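Have a look at query31.tsv; it's TSV, N, CA and C atoms:
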```tsv
chain	number	residue	atom	x	y	z
A	1	MET	N	-48.62	-57.07	66.64
A	1	MET	CA	-50.06	-56.96	66.61
A	1	MET	C	-50.44	-55.47	66.67
A	2	PRO	N	-51.25	-54.99	65.75
A	2	PRO	CA	-51.63	-53.58	65.76
A	2	PRO	C	-52.56	-53.25	66.93
A	3	MET	N	-52.55	-51.97	67.31
A	3	MET	CA	-53.41	-51.52	68.40
A	3	MET	C	-54.86	-51.38	67.93
A	4	THR	N	-55.76	-51.62	68.85
A	4	THR	CA	-57.16	-51.37	68.55
A	4	THR	C	-57.45	-49.90	68.79
A	5	LEU	N	-58.62	-49.46	68.38
A	5	LEU	CA	-59.00	-48.07	68.55
A	5	LEU	C	-59.07	-47.69	70.03
A	6	GLU	N	-59.60	-48.59	70.84
A	6	GLU	CA	-59.69	-48.32	72.29
A	6	GLU	C	-58.31	-48.20	72.92
A	7	GLN	N	-57.38	-49.05	72.52
A	7	GLN	CA	-56.02	-48.97	73.05
A	7	GLN	C	-55.36	-47.66	72.66
A	8	LEU	N	-55.61	-47.21	71.43
A	8	LEU	CA	-55.05	-45.95	70.97
A	8	LEU	C	-55.62	-44.79	71.77
A	9	ARG	N	-56.92	-44.79	72.02
A	9	ARG	CA	-57.54	-43.72	72.81
A	9	ARG	C	-56.99	-43.68	74.23
A	10	GLU	N	-56.79	-44.84	74.83
A	10	GLU	CA	-56.23	-44.90	76.18
A	10	GLU	C	-54.81	-44.36	76.19
A	11	ARG	N	-54.03	-44.73	75.19
A	11	ARG	CA	-52.64	-44.28	75.13
A	11	ARG	C	-52.56	-42.77	74.94
A	12	ILE	N	-53.43	-42.22	74.10
A	12	ILE	CA	-53.43	-40.77	73.88
A	12	ILE	C	-53.81	-40.06	75.18
A	13	ALA	N	-54.82	-40.58	75.87
A	13	ALA	CA	-55.25	-39.96	77.13
A	13	ALA	C	-54.13	-39.98	78.17
A	14	THR	N	-53.40	-41.08	78.29
A	14	THR	CA	-52.32	-41.15	79.27
A	14	THR	C	-51.14	-40.28	78.84
A	15	ARG	N	-50.88	-40.15	77.54
A	15	ARG	CA	-49.78	-39.31	77.09
A	15	ARG	C	-50.08	-37.85	77.39
A	16	ARG	N	-51.34	-37.45	77.29
A	16	ARG	CA	-51.69	-36.06	77.61
A	16	ARG	C	-51.47	-35.79	79.08
A	17	ILE	N	-51.75	-36.79	79.91
A	17	ILE	CA	-51.59	-36.62	81.35
A	17	ILE	C	-50.12	-36.59	81.73
A	18	GLU	N	-49.28	-37.39	81.08
A	18	GLU	CA	-47.88	-37.51	81.50
A	18	GLU	C	-46.96	-36.46	80.89
A	19	LEU	N	-47.52	-35.37	80.35
A	19	LEU	CA	-46.70	-34.29	79.81
A	19	LEU	C	-46.85	-33.02	80.65
A	20	PRO	N	-46.31	-33.02	81.87
A	20	PRO	CA	-46.47	-31.84	82.71
A	20	PRO	C	-45.62	-30.68	82.18
A	21	GLY	N	-46.14	-29.48	82.31
A	21	GLY	CA	-45.40	-28.30	81.90
A	21	GLY	C	-45.46	-28.00	80.42
A	22	VAL	N	-46.12	-28.84	79.64
A	22	VAL	CA	-46.23	-28.60	78.22
A	22	VAL	C	-47.44	-27.70	77.99
A	23	GLN	N	-47.25	-26.70	77.16
A	23	GLN	CA	-48.33	-25.76	76.88
A	23	GLN	C	-49.42	-26.46	76.07
A	24	ARG	N	-50.68	-26.13	76.38
A	24	ARG	CA	-51.81	-26.75	75.71
A	24	ARG	C	-52.65	-25.70	75.00
A	25	CYS	N	-53.38	-26.16	73.99
A	25	CYS	CA	-54.30	-25.30	73.25
A	25	CYS	C	-55.44	-24.90	74.18
A	26	VAL	N	-55.79	-23.61	74.20
A	26	VAL	CA	-56.87	-23.15	75.07
A	26	VAL	C	-58.23	-23.56	74.54
A	27	LYS	N	-58.34	-23.91	73.27
A	27	LYS	CA	-59.62	-24.31	72.69
A	27	LYS	C	-59.87	-25.81	72.85
A	28	CYS	N	-58.92	-26.64	72.38
A	28	CYS	CA	-59.17	-28.09	72.37
A	28	CYS	C	-58.34	-28.86	73.40
A	29	GLY	N	-57.31	-28.25	73.96
A	29	GLY	CA	-56.56	-28.88	75.03
A	29	GLY	C	-55.44	-29.81	74.63
A	30	ILE	N	-55.13	-29.92	73.34
A	30	ILE	CA	-54.04	-30.82	72.96
A	30	ILE	C	-52.70	-30.18	73.30
A	31	PRO	N	-51.70	-30.98	73.60
A	31	PRO	CA	-50.37	-30.43	73.87
A	31	PRO	C	-49.81	-29.80	72.59
A	32	LEU	N	-49.25	-28.62	72.72
A	32	LEU	CA	-48.75	-27.89	71.56
A	32	LEU	C	-47.30	-28.25	71.29
A	33	GLN	N	-47.03	-28.63	70.06
A	33	GLN	CA	-45.68	-28.88	69.57
A	33	GLN	C	-45.57	-28.10	68.27
A	34	GLU	N	-44.62	-27.20	68.19
A	34	GLU	CA	-44.52	-26.26	67.08
A	34	GLU	C	-44.53	-26.96	65.72
A	35	ALA	N	-43.77	-28.02	65.57
A	35	ALA	CA	-43.66	-28.67	64.26
A	35	ALA	C	-44.87	-29.54	63.93
A	36	VAL	N	-45.60	-30.02	64.93
A	36	VAL	CA	-46.69	-30.97	64.69
A	36	VAL	C	-48.04	-30.27	64.71
A	37	THR	N	-48.36	-29.58	65.78
A	37	THR	CA	-49.68	-28.98	65.94
A	37	THR	C	-49.69	-27.49	65.70
A	38	GLY	N	-48.54	-26.86	65.65
A	38	GLY	CA	-48.48	-25.42	65.58
A	38	GLY	C	-48.65	-24.82	66.96
A	39	ASN	N	-48.29	-23.56	67.09
A	39	ASN	CA	-48.40	-22.88	68.37
A	39	ASN	C	-48.57	-21.40	68.06
A	40	ARG	N	-49.81	-20.95	68.02
A	40	ARG	CA	-50.09	-19.57	67.63
A	40	ARG	C	-50.63	-18.80	68.83
A	41	LEU	N	-50.04	-17.64	69.08
A	41	LEU	CA	-50.46	-16.80	70.20
A	41	LEU	C	-51.58	-15.89	69.73
A	42	THR	N	-52.72	-15.94	70.42
A	42	THR	CA	-53.85	-15.08	70.12
A	42	THR	C	-54.21	-14.30	71.38
A	43	ASP	N	-55.26	-13.49	71.29
A	43	ASP	CA	-55.72	-12.74	72.47
A	43	ASP	C	-56.22	-13.68	73.57
A	44	GLU	N	-56.72	-14.85	73.17
A	44	GLU	CA	-57.25	-15.81	74.14
A	44	GLU	C	-56.16	-16.67	74.76
A	45	GLY	N	-55.00	-16.75	74.14
A	45	GLY	CA	-53.90	-17.58	74.61
A	45	GLY	C	-53.30	-18.35	73.44
A	46	HIS	N	-52.55	-19.39	73.74
A	46	HIS	CA	-51.91	-20.20	72.71
A	46	HIS	C	-52.91	-21.22	72.16
A	47	VAL	N	-53.00	-21.32	70.84
A	47	VAL	CA	-53.90	-22.27	70.19
A	47	VAL	C	-53.15	-23.05	69.13
A	48	CYS	N	-53.67	-24.24	68.80
A	48	CYS	CA	-53.08	-25.06	67.74
A	48	CYS	C	-53.51	-24.48	66.38
A	49	SER	N	-52.89	-24.92	65.32
A	49	SER	CA	-53.18	-24.40	63.99
A	49	SER	C	-54.62	-24.69	63.56
A	50	ASP	N	-55.14	-25.87	63.90
A	50	ASP	CA	-56.51	-26.20	63.52
A	50	ASP	C	-57.50	-25.22	64.15
A	51	CYS	N	-57.36	-24.96	65.43
A	51	CYS	CA	-58.26	-24.03	66.11
A	51	CYS	C	-58.06	-22.61	65.62
A	52	TYR	N	-56.80	-22.24	65.32
A	52	TYR	CA	-56.51	-20.90	64.83
A	52	TYR	C	-57.22	-20.64	63.51
A	53	PHE	N	-57.12	-21.58	62.57
A	53	PHE	CA	-57.74	-21.38	61.27
A	53	PHE	C	-59.26	-21.51	61.34
A	54	ALA	N	-59.78	-22.26	62.29
A	54	ALA	CA	-61.23	-22.31	62.50
A	54	ALA	C	-61.72	-20.95	63.01
A	55	MET	N	-60.97	-20.34	63.94
A	55	MET	CA	-61.33	-19.02	64.43
A	55	MET	C	-61.22	-17.98	63.32
A	56	LEU	N	-60.18	-18.08	62.50
A	56	LEU	CA	-59.98	-17.14	61.40
A	56	LEU	C	-61.09	-17.26	60.37
A	57	SER	N	-61.50	-18.47	60.05
A	57	SER	CA	-62.57	-18.64	59.06
A	57	SER	C	-63.90	-18.12	59.59
A	58	GLU	N	-64.15	-18.25	60.90
A	58	GLU	CA	-65.36	-17.68	61.48
A	58	GLU	C	-65.36	-16.16	61.38
A	59	GLU	N	-64.20	-15.55	61.63
A	59	GLU	CA	-64.10	-14.09	61.50
A	59	GLU	C	-64.30	-13.65	60.05
A	60	LEU	N	-63.75	-14.41	59.11
A	60	LEU	CA	-63.94	-14.07	57.70
A	60	LEU	C	-65.38	-14.25	57.26
A	61	ASP	N	-66.09	-15.20	57.86
A	61	ASP	CA	-67.51	-15.36	57.55
A	61	ASP	C	-68.30	-14.16	58.03
A	62	HIS	N	-67.93	-13.62	59.19
A	62	HIS	CA	-68.64	-12.47	59.74
A	62	HIS	C	-68.24	-11.16	59.04
A	63	HIS	N	-66.98	-11.06	58.62
A	63	HIS	CA	-66.45	-9.85	57.99
A	63	HIS	C	-65.71	-10.24	56.71
A	64	PRO	N	-66.41	-10.53	55.63
A	64	PRO	CA	-65.75	-11.00	54.41
A	64	PRO	C	-64.90	-9.91	53.75
A	65	LEU	N	-63.86	-10.35	53.06
A	65	LEU	CA	-63.02	-9.44	52.31
A	65	LEU	C	-63.65	-9.25	50.93
A	66	VAL	N	-63.82	-8.01	50.54
A	66	VAL	CA	-64.42	-7.74	49.23
A	66	VAL	C	-63.54	-6.75	48.48
A	67	MET	N	-63.67	-6.77	47.17
A	67	MET	CA	-62.92	-5.83	46.33
A	67	MET	C	-63.64	-4.48	46.38
A	68	PRO	N	-62.90	-3.39	46.48
A	68	PRO	CA	-63.56	-2.08	46.45
A	68	PRO	C	-64.10	-1.81	45.04
A	69	ARG	N	-65.28	-1.25	44.98
A	69	ARG	CA	-65.89	-0.96	43.69
A	69	ARG	C	-65.49	0.44	43.25
A	70	THR	N	-65.12	0.55	42.00
A	70	THR	CA	-64.81	1.86	41.44
A	70	THR	C	-65.96	2.29	40.56
A	71	VAL	N	-66.42	3.48	40.77
A	71	VAL	CA	-67.52	4.03	39.99
A	71	VAL	C	-66.95	4.97	38.95
A	72	ARG	N	-67.23	4.71	37.69
A	72	ARG	CA	-66.71	5.56	36.62
A	72	ARG	C	-67.80	6.48	36.10
A	73	GLY	N	-67.40	7.67	35.76
A	73	GLY	CA	-68.32	8.62	35.16
A	73	GLY	C	-69.25	9.29	36.13
A	74	ALA	N	-68.91	9.25	37.39
A	74	ALA	CA	-69.83	9.86	38.37
A	74	ALA	C	-69.52	11.30	38.59
```
Reformat the file's structure so that it appears as structure tokens.
Amino acid sequence: MPMTLEQLRERIATRRIELPGVQRCVKCGIPLQEAVTGNRLTDEGHVCSDCYFAMLSEELDHHPLVMPRTVRGA
């Protein structure tokens, strides 16, 4: 019999609790596993790949990369 959504949520919550000593993402709090969630060290601490790329995209929105313009004949 497949699990219901509520059973899955309960199981995820208990699995997070029963993993002592495992490093967690400082943004969202999920347990970090290098192959599954990623584990990137930033100035704020260790973050998962999803949070890392969300932070990176916010920085790129504030400071976009542009091509330098060359002026000819000046």
Practice prompt. Quick one: everything within 6 Å of segment 20-26 of chain A, counting all atoms listed in the file, minus sequence neighbours fewer than 2 positions away in the same chain. Send it as a ChimeraX atom specification.
Written response: /A:17-18,28-32,45-48
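For the choices A:Gly38, A:Arg69, A:Ile12, A:Pro64, the atom-to-atom distance to Tyr52 of chain A is smallest for A:Gly38 when using only C-alpha atoms.
The space separating atom CA of Lys27 of chain A from atom CA of His62 of chain A comes to 19.7 Å.
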Practice prompt. To one decimal in Å, tell me the separation between atom CA of Glu44 of chain A and atom CA of Leu60 of chain A.
Written response: 17.8 Å
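Within chain A, the backbone-based DSSP assignment of strand (DSSP E) covers Arg40, Leu41, His46 and Val47 of chain A.
The gap separating atom N of Glu58 of chain A from atom CA of Arg40 of chain A is 15.6 Å, in Å to one decimal.
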Response to the item:
For Asn39 of chain A, the closest of A:Met1, A:Leu65, A:Val71, A:Cys51 counting only C-alpha atoms is A:Cys51
